[in-house]
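The structure appears below as structure tokens.
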Amino acid sequence: MHNMYRLRSELKHMEQHRARLVDKLSKQSIFEQFLTEVMSASSEFVDIRSIISRYHTLKQLYEVD
């Protein structure tokens with residue numbers, strides 16, 4: 001019987017964790033949509049990874065030490 005309570009508690013914890021992850025994912029999906037639109041508006045980028053790579057390159061180039 002103790003095992004059942006432990007498992008229910010663990011299930012509740014996992015459901016709460018899942019809800020937080022789903023919320024985080026939905027908040028971040030707007031960025032994927034934006035990057036997809038950038039990709040389709042520019043022939044320079046073939047995928048989202050190339051946009052991010054370009055960002056990092058420019059950031060390093062213009063970084064002030």
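We name chains A, B, ... following the order of the structure tokens; residues begin at 1 in each chain, and ligands are numbered from 1 as shown.
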Worksheet item: Near Ile52 in chain A, within 12 Å and counting only C-alpha atoms, which residues show up once chain neighbours fewer than 3 positions away are dropped, as a ChimeraX atom specification?
Response: /A:31-32,35-36,38-39,45-49,55-59
Discussion item. According to DSSP computed on the backbone, where in chain A is there alpha helix (DSSP H)? Give the residues as a VMD selection string.
Written reply: chain A and resid 2 to 41 48 to 62
